[in-house]
Amino acid sequence: MDRAANRDLVDPELLPLLDTFPAFDLTEEILPLMRGRPARFQVRPEDLARTSLERRTIPGPAGAPEVEVLVYHPKDAAGPLPCILHIHGGGYVAGAAADNEAVHRPLAADLACCIVSVEYRLAPETPFPGAVEDCYAALAWVFANAEALGIDRGRIGLMGESAGGGLAAGLALLARDRGDYRLAFQHLIYPMIDDRTCVTTDPHPYAGAFVWTPQANTFGWRALLGHEPGVDGVSPYAAAARATDVSGLPPTFIATGALDLFLEEDLAYAQRLLRAGVPVELHVYPGAFHGFQWAPEAKVSQTAARDSRAALARALA
């Protein structure tokens, strides 16, 4: 894939961000560096003053370790509050719940909601189904402790970006199929939901040249699944696009970039949801690659943030 040619398609305001991402192959040797990166944004003092953060250790899946969750509450908000169960991104192999503190604090304050962020186990050390079961344990804990947390059980939904969006989509399927919890919404930002993208014979000619590339995608899926991606028998709770039935899922928000590797798998999933009678709000941002919101000053990033915030406000209402 010609990065130089594809660069002409990038929104000019995103080019300075793009220049901070050198081309590299994702390997197990690089993982420690990837996991050790500091959070991209710093928490603002005014957001610290408006919110509280409590770290909790909760029961994990049966026979598995406990799970840490970060619980954000807006100060001076009258309950019971709606709740977002958030799942961080990182290609299934990196990332941490704390990386999103600078985003979660103002979001909790502005939308008057509780946010619970899950510190799930990463691949390849913990392959599927470890991560999604950790997230299910967190969902179960939120529902079981709703009164103590000041949460309205009727307004609990899922949110995630990239691999976090993939885990949120898999968790929505798992919650539907187990029948224990009814979700109010799923909010998916360029979700990583189809391992078959790694083996397609007709790859998109322009998507995936930057940040999260086909090589990185294959590494992430191989780490999660414990085998090569694209083979038969992959669980829909690992790759939500594998689900044969997507009916009965909660109202869904999907957003992606026109240059994101996940563009076509996300579009296809949105179409399948719509054909199954699931309400869907879909956005595709021109000139945007994976992680483009890390340039918050760009107009396309501001548009995406506005669309996401407005959709969450409606879903939480």
# chains A, B, ... in the order shown; residues from 1 in each chain; ligands from 1
call {"tool": "select_by_dssp", "arguments": {"residues": "segment 35-91 of chain A", "states": "alpha helix (DSSP H)", "output": "VMD selection string"}}
result
chain A and resid 35 45 to 50
call {"tool": "write_last_selection", "arguments": {"atoms": "C-alpha atoms", "output": "mmCIF file, in the first residue's frame"}}
result
data_model
loop_
_atom_site.group_PDB
_atom_site.id
_atom_site.type_symbol
_atom_site.label_atom_id
_atom_site.label_comp_id
_atom_site.auth_asym_id
_atom_site.auth_seq_id
_atom_site.Cartn_x
_atom_site.Cartn_y
_atom_site.Cartn_z
ATOM 1 C CA ARG A 35 2.151 -0.703 26.405
ATOM 2 C CA PRO A 45 -7.674 20.693 36.798
ATOM 3 C CA GLU A 46 -11.251 21.842 36.235
ATOM 4 C CA ASP A 47 -12.264 18.291 35.290
ATOM 5 C CA LEU A 48 -10.619 16.936 38.420
ATOM 6 C CA ALA A 49 -12.735 19.377 40.424
ATOM 7 C CA ARG A 50 -15.969 18.323 38.693
#
call {"tool": "closest_atom_pairs", "arguments": {"of": "segment 180-294 of chain A", "to": "segment 299-306 of chain A", "cutoff": "9 Å", "atoms": "only C-alpha atoms", "output": "CSV"}}
result
residue,atom,partner,partner_atom,distance
A:Ala255,CA,A:Ala304,CA,7.9
A:His283,CA,A:Ala304,CA,8.3
A:Tyr285,CA,A:Val300,CA,6.9
A:Pro286,CA,A:Val300,CA,7.9
A:Gly287,CA,A:Val300,CA,8.4
A:Ala288,CA,A:Val300,CA,7.6
A:Phe292,CA,A:Ser301,CA,6.7
A:Gln293,CA,A:Ser301,CA,4.9
A:Trp294,CA,A:Ser301,CA,7.9
call {"tool": "write_last_selection", "arguments": {"atoms": "C-alpha atoms", "output": "short mmCIF file (atom, residue, chain, number, x, y, z; two decimals), in the first residue's frame"}}
result
data_model
loop_
_atom_site.label_atom_id
_atom_site.label_comp_id
_atom_site.auth_asym_id
_atom_site.auth_seq_id
_atom_site.Cartn_x
_atom_site.Cartn_y
_atom_site.Cartn_z
CA ALA A 255 -18.37 5.96 13.61
CA HIS A 283 -20.90 8.27 10.53
CA TYR A 285 -15.48 10.98 8.36
CA PRO A 286 -13.65 11.95 5.15
CA GLY A 287 -9.87 12.15 5.20
CA ALA A 288 -9.75 10.46 8.62
CA PHE A 292 -7.73 10.69 14.07
CA GLN A 293 -9.40 12.13 17.18
CA TRP A 294 -5.92 12.42 18.69
#
call {"tool": "residues_around", "arguments": {"residues": "Pro229 of chain A", "least_positions_apart": "2", "cutoff": "9 Å", "atoms": "only C-alpha atoms", "output": "list of chain:residue names"}}
result
A:Asp195, A:Arg196, A:Thr197, A:Cys198, A:Val199, A:Thr218, A:Trp221, A:Arg222, A:Leu225, A:Gly226, A:His227, A:Val231, A:Asp232, A:Val234
call {"tool": "residues_around", "arguments": {"residues": "segment 65-78 of chain A", "least_positions_apart": "4", "cutoff": "9 Å", "atoms": "only C-alpha atoms", "output": "ChimeraX atom specification"}}
result
/A:49-61,97-98,101,104-121,134-135,137-138,149-150
call {"tool": "write_last_selection", "arguments": {"atoms": "C-alpha atoms", "output": "mmCIF file, in the first residue's frame"}}
result
data_model
loop_
_atom_site.group_PDB
_atom_site.id
_atom_site.type_symbol
_atom_site.label_atom_id
_atom_site.label_comp_id
_atom_site.auth_asym_id
_atom_site.auth_seq_id
_atom_site.Cartn_x
_atom_site.Cartn_y
_atom_site.Cartn_z
ATOM 1 C CA ALA A 49 -12.735 19.377 40.424
ATOM 2 C CA ARG A 50 -15.969 18.323 38.693
ATOM 3 C CA THR A 51 -15.606 14.550 39.053
ATOM 4 C CA SER A 52 -14.534 11.772 41.363
ATOM 5 C CA LEU A 53 -12.584 8.620 40.490
ATOM 6 C CA GLU A 54 -12.654 5.399 42.468
ATOM 7 C CA ARG A 55 -10.586 2.325 41.600
ATOM 8 C CA ARG A 56 -12.376 -0.880 42.471
ATOM 9 C CA THR A 57 -11.383 -4.527 42.307
ATOM 10 C CA ILE A 58 -14.344 -6.724 41.469
ATOM 11 C CA PRO A 59 -14.912 -10.483 41.053
ATOM 12 C CA GLY A 60 -13.614 -11.773 37.743
ATOM 13 C CA PRO A 61 -14.970 -14.598 35.596
ATOM 14 C CA ALA A 97 -8.309 2.015 31.278
ATOM 15 C CA ALA A 98 -6.427 4.903 32.883
ATOM 16 C CA GLU A 101 -9.062 9.618 32.239
ATOM 17 C CA HIS A 104 -13.834 10.271 30.857
ATOM 18 C CA ARG A 105 -13.818 12.971 33.511
ATOM 19 C CA PRO A 106 -15.316 15.757 31.345
ATOM 20 C CA LEU A 107 -17.661 13.271 29.666
ATOM 21 C CA ALA A 108 -19.038 12.138 33.028
ATOM 22 C CA ALA A 109 -19.468 15.737 34.164
ATOM 23 C CA ASP A 110 -20.982 17.102 30.960
ATOM 24 C CA LEU A 111 -23.432 14.223 30.460
ATOM 25 C CA ALA A 112 -24.181 13.735 34.182
ATOM 26 C CA CYS A 113 -23.443 10.031 33.955
ATOM 27 C CA CYS A 114 -21.357 7.396 35.680
ATOM 28 C CA ILE A 115 -18.552 5.866 33.607
ATOM 29 C CA VAL A 116 -17.106 2.478 34.530
ATOM 30 C CA SER A 117 -13.930 1.632 32.611
ATOM 31 C CA VAL A 118 -12.686 -1.968 32.510
ATOM 32 C CA GLU A 119 -9.049 -3.075 32.924
ATOM 33 C CA TYR A 120 -9.411 -6.312 30.985
ATOM 34 C CA ARG A 121 -6.623 -8.835 30.410
ATOM 35 C CA ASP A 134 -13.639 -9.774 32.055
ATOM 36 C CA CYS A 135 -15.923 -7.179 30.474
ATOM 37 C CA ALA A 137 -17.912 -9.627 34.772
ATOM 38 C CA ALA A 138 -17.747 -5.834 34.926
ATOM 39 C CA LEU A 149 -23.285 3.135 42.527
ATOM 40 C CA GLY A 150 -26.253 5.457 42.077
#
call {"tool": "closest_residue", "arguments": {"among": "A:Leu174, A:Leu316, A:Gly233, A:Leu261", "to": "Arg153 of chain A", "atoms": "only C-alpha atoms"}}
result
A:Leu316
call {"tool": "closest_residue", "arguments": {"among": "A:Pro236, A:Gly154, A:Gly170, A:Pro191", "to": "Leu267 of chain A", "atoms": "only C-alpha atoms"}}
result
A:Pro191
call {"tool": "residues_around", "arguments": {"residues": "Ile156 of chain A", "least_positions_apart": "4", "cutoff": "8 Å", "atoms": "only C-alpha atoms", "output": "compact mmCIF listing (two decimals) with N, CA and C atoms, in the first residue's frame"}}
result
# COMPACT_ATOMS: atom_id res chain seq x y z
N PRO A 82 -27.51 7.60 34.57
CA PRO A 82 -27.20 6.63 33.52
C PRO A 82 -25.73 6.24 33.60
N CYS A 83 -25.38 5.14 32.94
CA CYS A 83 -24.01 4.63 33.05
C CYS A 83 -23.48 4.17 31.71
N ILE A 84 -22.22 4.50 31.45
CA ILE A 84 -21.48 3.98 30.30
C ILE A 84 -20.45 2.99 30.81
N LEU A 85 -20.54 1.75 30.36
CA LEU A 85 -19.46 0.79 30.60
C LEU A 85 -18.49 0.94 29.43
N ASP A 152 -29.00 3.99 37.27
CA ASP A 152 -30.30 3.55 36.78
C ASP A 152 -30.09 2.33 35.88
N LEU A 183 -29.30 -4.06 27.66
CA LEU A 183 -28.49 -2.87 27.43
C LEU A 183 -29.30 -1.78 26.75
N ALA A 184 -28.99 -0.53 27.10
CA ALA A 184 -29.70 0.61 26.51
C ALA A 184 -29.12 1.00 25.16
N PHE A 185 -27.83 0.75 24.94
CA PHE A 185 -27.18 1.15 23.68
C PHE A 185 -25.81 0.52 23.58
N LEU A 316 -28.41 8.24 26.69
CA LEU A 316 -28.43 8.23 28.14
C LEU A 316 -29.69 8.86 28.71
call {"tool": "residues_around", "arguments": {"residues": "Asp25 of chain A", "least_positions_apart": "2", "cutoff": "8 Å", "atoms": "only C-alpha atoms", "output": "mmCIF file with N, CA, C and O atoms, in the first residue's frame"}}
result
data_model
loop_
_atom_site.group_PDB
_atom_site.id
_atom_site.type_symbol
_atom_site.label_atom_id
_atom_site.label_comp_id
_atom_site.auth_asym_id
_atom_site.auth_seq_id
_atom_site.Cartn_x
_atom_site.Cartn_y
_atom_site.Cartn_z
ATOM 1 N N ALA A 23 6.016 4.523 10.255
ATOM 2 C CA ALA A 23 5.646 3.178 9.812
ATOM 3 C C ALA A 23 6.489 2.146 10.556
ATOM 4 O O ALA A 23 7.707 2.305 10.698
ATOM 5 N N THR A 27 5.205 -6.220 16.599
ATOM 6 C CA THR A 27 5.733 -7.526 16.983
ATOM 7 C C THR A 27 5.688 -7.659 18.498
ATOM 8 O O THR A 27 5.471 -6.681 19.223
ATOM 9 N N GLN A 215 -0.730 -5.322 8.650
ATOM 10 C CA GLN A 215 0.224 -6.128 9.418
ATOM 11 C C GLN A 215 -0.119 -6.101 10.900
ATOM 12 O O GLN A 215 -0.148 -7.148 11.571
ATOM 13 N N ALA A 216 -0.389 -4.913 11.433
ATOM 14 C CA ALA A 216 -0.760 -4.800 12.845
ATOM 15 C C ALA A 216 -2.061 -5.532 13.127
ATOM 16 O O ALA A 216 -2.225 -6.175 14.173
#
call {"tool": "atom_distance", "arguments": {"atom1": "atom CA of His88 of chain A", "atom2": "atom CA of Met159 of chain A"}}
result
8.6 Å
call {"tool": "select_by_dssp", "arguments": {"residues": "segment 30-77 of chain A", "states": "strand (DSSP E or B)", "output": "PyMOL selection string"}}
result
chain A and resi 51-58+67-74
call {"tool": "closest_residue", "arguments": {"among": "A:Ala102, A:Ala239, A:Ala144, A:Tyr206", "to": "Arg44 of chain A", "atoms": "only C-alpha atoms"}}
result
A:Ala102
call {"tool": "atom_distance", "arguments": {"atom1": "atom CA of Met34 of chain A", "atom2": "atom CA of Ala94 of chain A"}}
result
6.7 Å
call {"tool": "residues_around", "arguments": {"residues": "His290 of chain A", "least_positions_apart": "4", "cutoff": "12 Å", "atoms": "only C-alpha atoms", "output": "CSV table (one decimal) with C-alpha atoms, in the first residue's frame"}}
result
chain,number,residue,atom,x,y,z
A,10,VAL,CA,-5.8,12.7,4.4
A,14,LEU,CA,-4.6,15.7,10.4
A,17,LEU,CA,-0.7,14.0,13.7
A,18,LEU,CA,0.1,11.5,11.0
A,21,PHE,CA,3.2,7.8,13.6
A,89,GLY,CA,-8.8,0.2,22.7
A,90,GLY,CA,-5.3,-1.1,21.8
A,91,GLY,CA,-5.6,-3.8,19.2
A,161,GLU,CA,-13.0,2.4,20.5
A,162,SER,CA,-11.1,0.1,18.1
A,163,ALA,CA,-10.5,-3.2,19.9
A,189,ILE,CA,-15.9,4.0,17.5
A,190,TYR,CA,-14.1,2.4,14.5
A,191,PRO,CA,-14.7,-1.0,16.1
A,192,MET,CA,-12.4,-3.9,15.3
A,207,ALA,CA,-8.0,2.2,3.8
A,208,GLY,CA,-5.5,1.0,6.3
A,209,ALA,CA,-2.3,2.7,5.2
A,210,PHE,CA,-1.8,4.6,8.4
A,211,VAL,CA,-1.5,3.9,12.2
A,212,TRP,CA,-3.3,0.5,12.3
A,213,THR,CA,-2.2,-1.3,9.2
A,217,ASN,CA,-4.3,-6.1,12.4
A,255,ALA,CA,-18.4,6.0,13.6
A,256,THR,CA,-15.3,5.4,11.5
A,257,GLY,CA,-12.9,7.2,9.2
A,258,ALA,CA,-12.9,6.9,5.4
A,259,LEU,CA,-9.2,5.8,5.5
A,260,ASP,CA,-9.6,3.5,8.5
A,261,LEU,CA,-8.7,-0.2,7.9
A,262,PHE,CA,-12.0,-1.1,9.6
A,263,LEU,CA,-14.1,1.0,7.3
A,284,VAL,CA,-18.0,8.1,8.1
A,285,TYR,CA,-15.5,11.0,8.4
A,286,PRO,CA,-13.7,12.0,5.1
A,294,TRP,CA,-5.9,12.4,18.7
A,295,ALA,CA,-5.8,15.7,16.8
A,301,SER,CA,-12.1,15.6,15.0
call {"tool": "closest_residue", "arguments": {"among": "A:Glu264, A:Asp245, A:Asp177, A:Asp307", "to": "Glu281 of chain A", "atoms": "only C-alpha atoms"}}
result
A:Asp307
call {"tool": "closest_residue", "arguments": {"among": "A:Asp99, A:Glu228, A:Pro12, A:Leu81", "to": "Gln42 of chain A", "atoms": "only C-alpha atoms"}}
result
A:Asp99
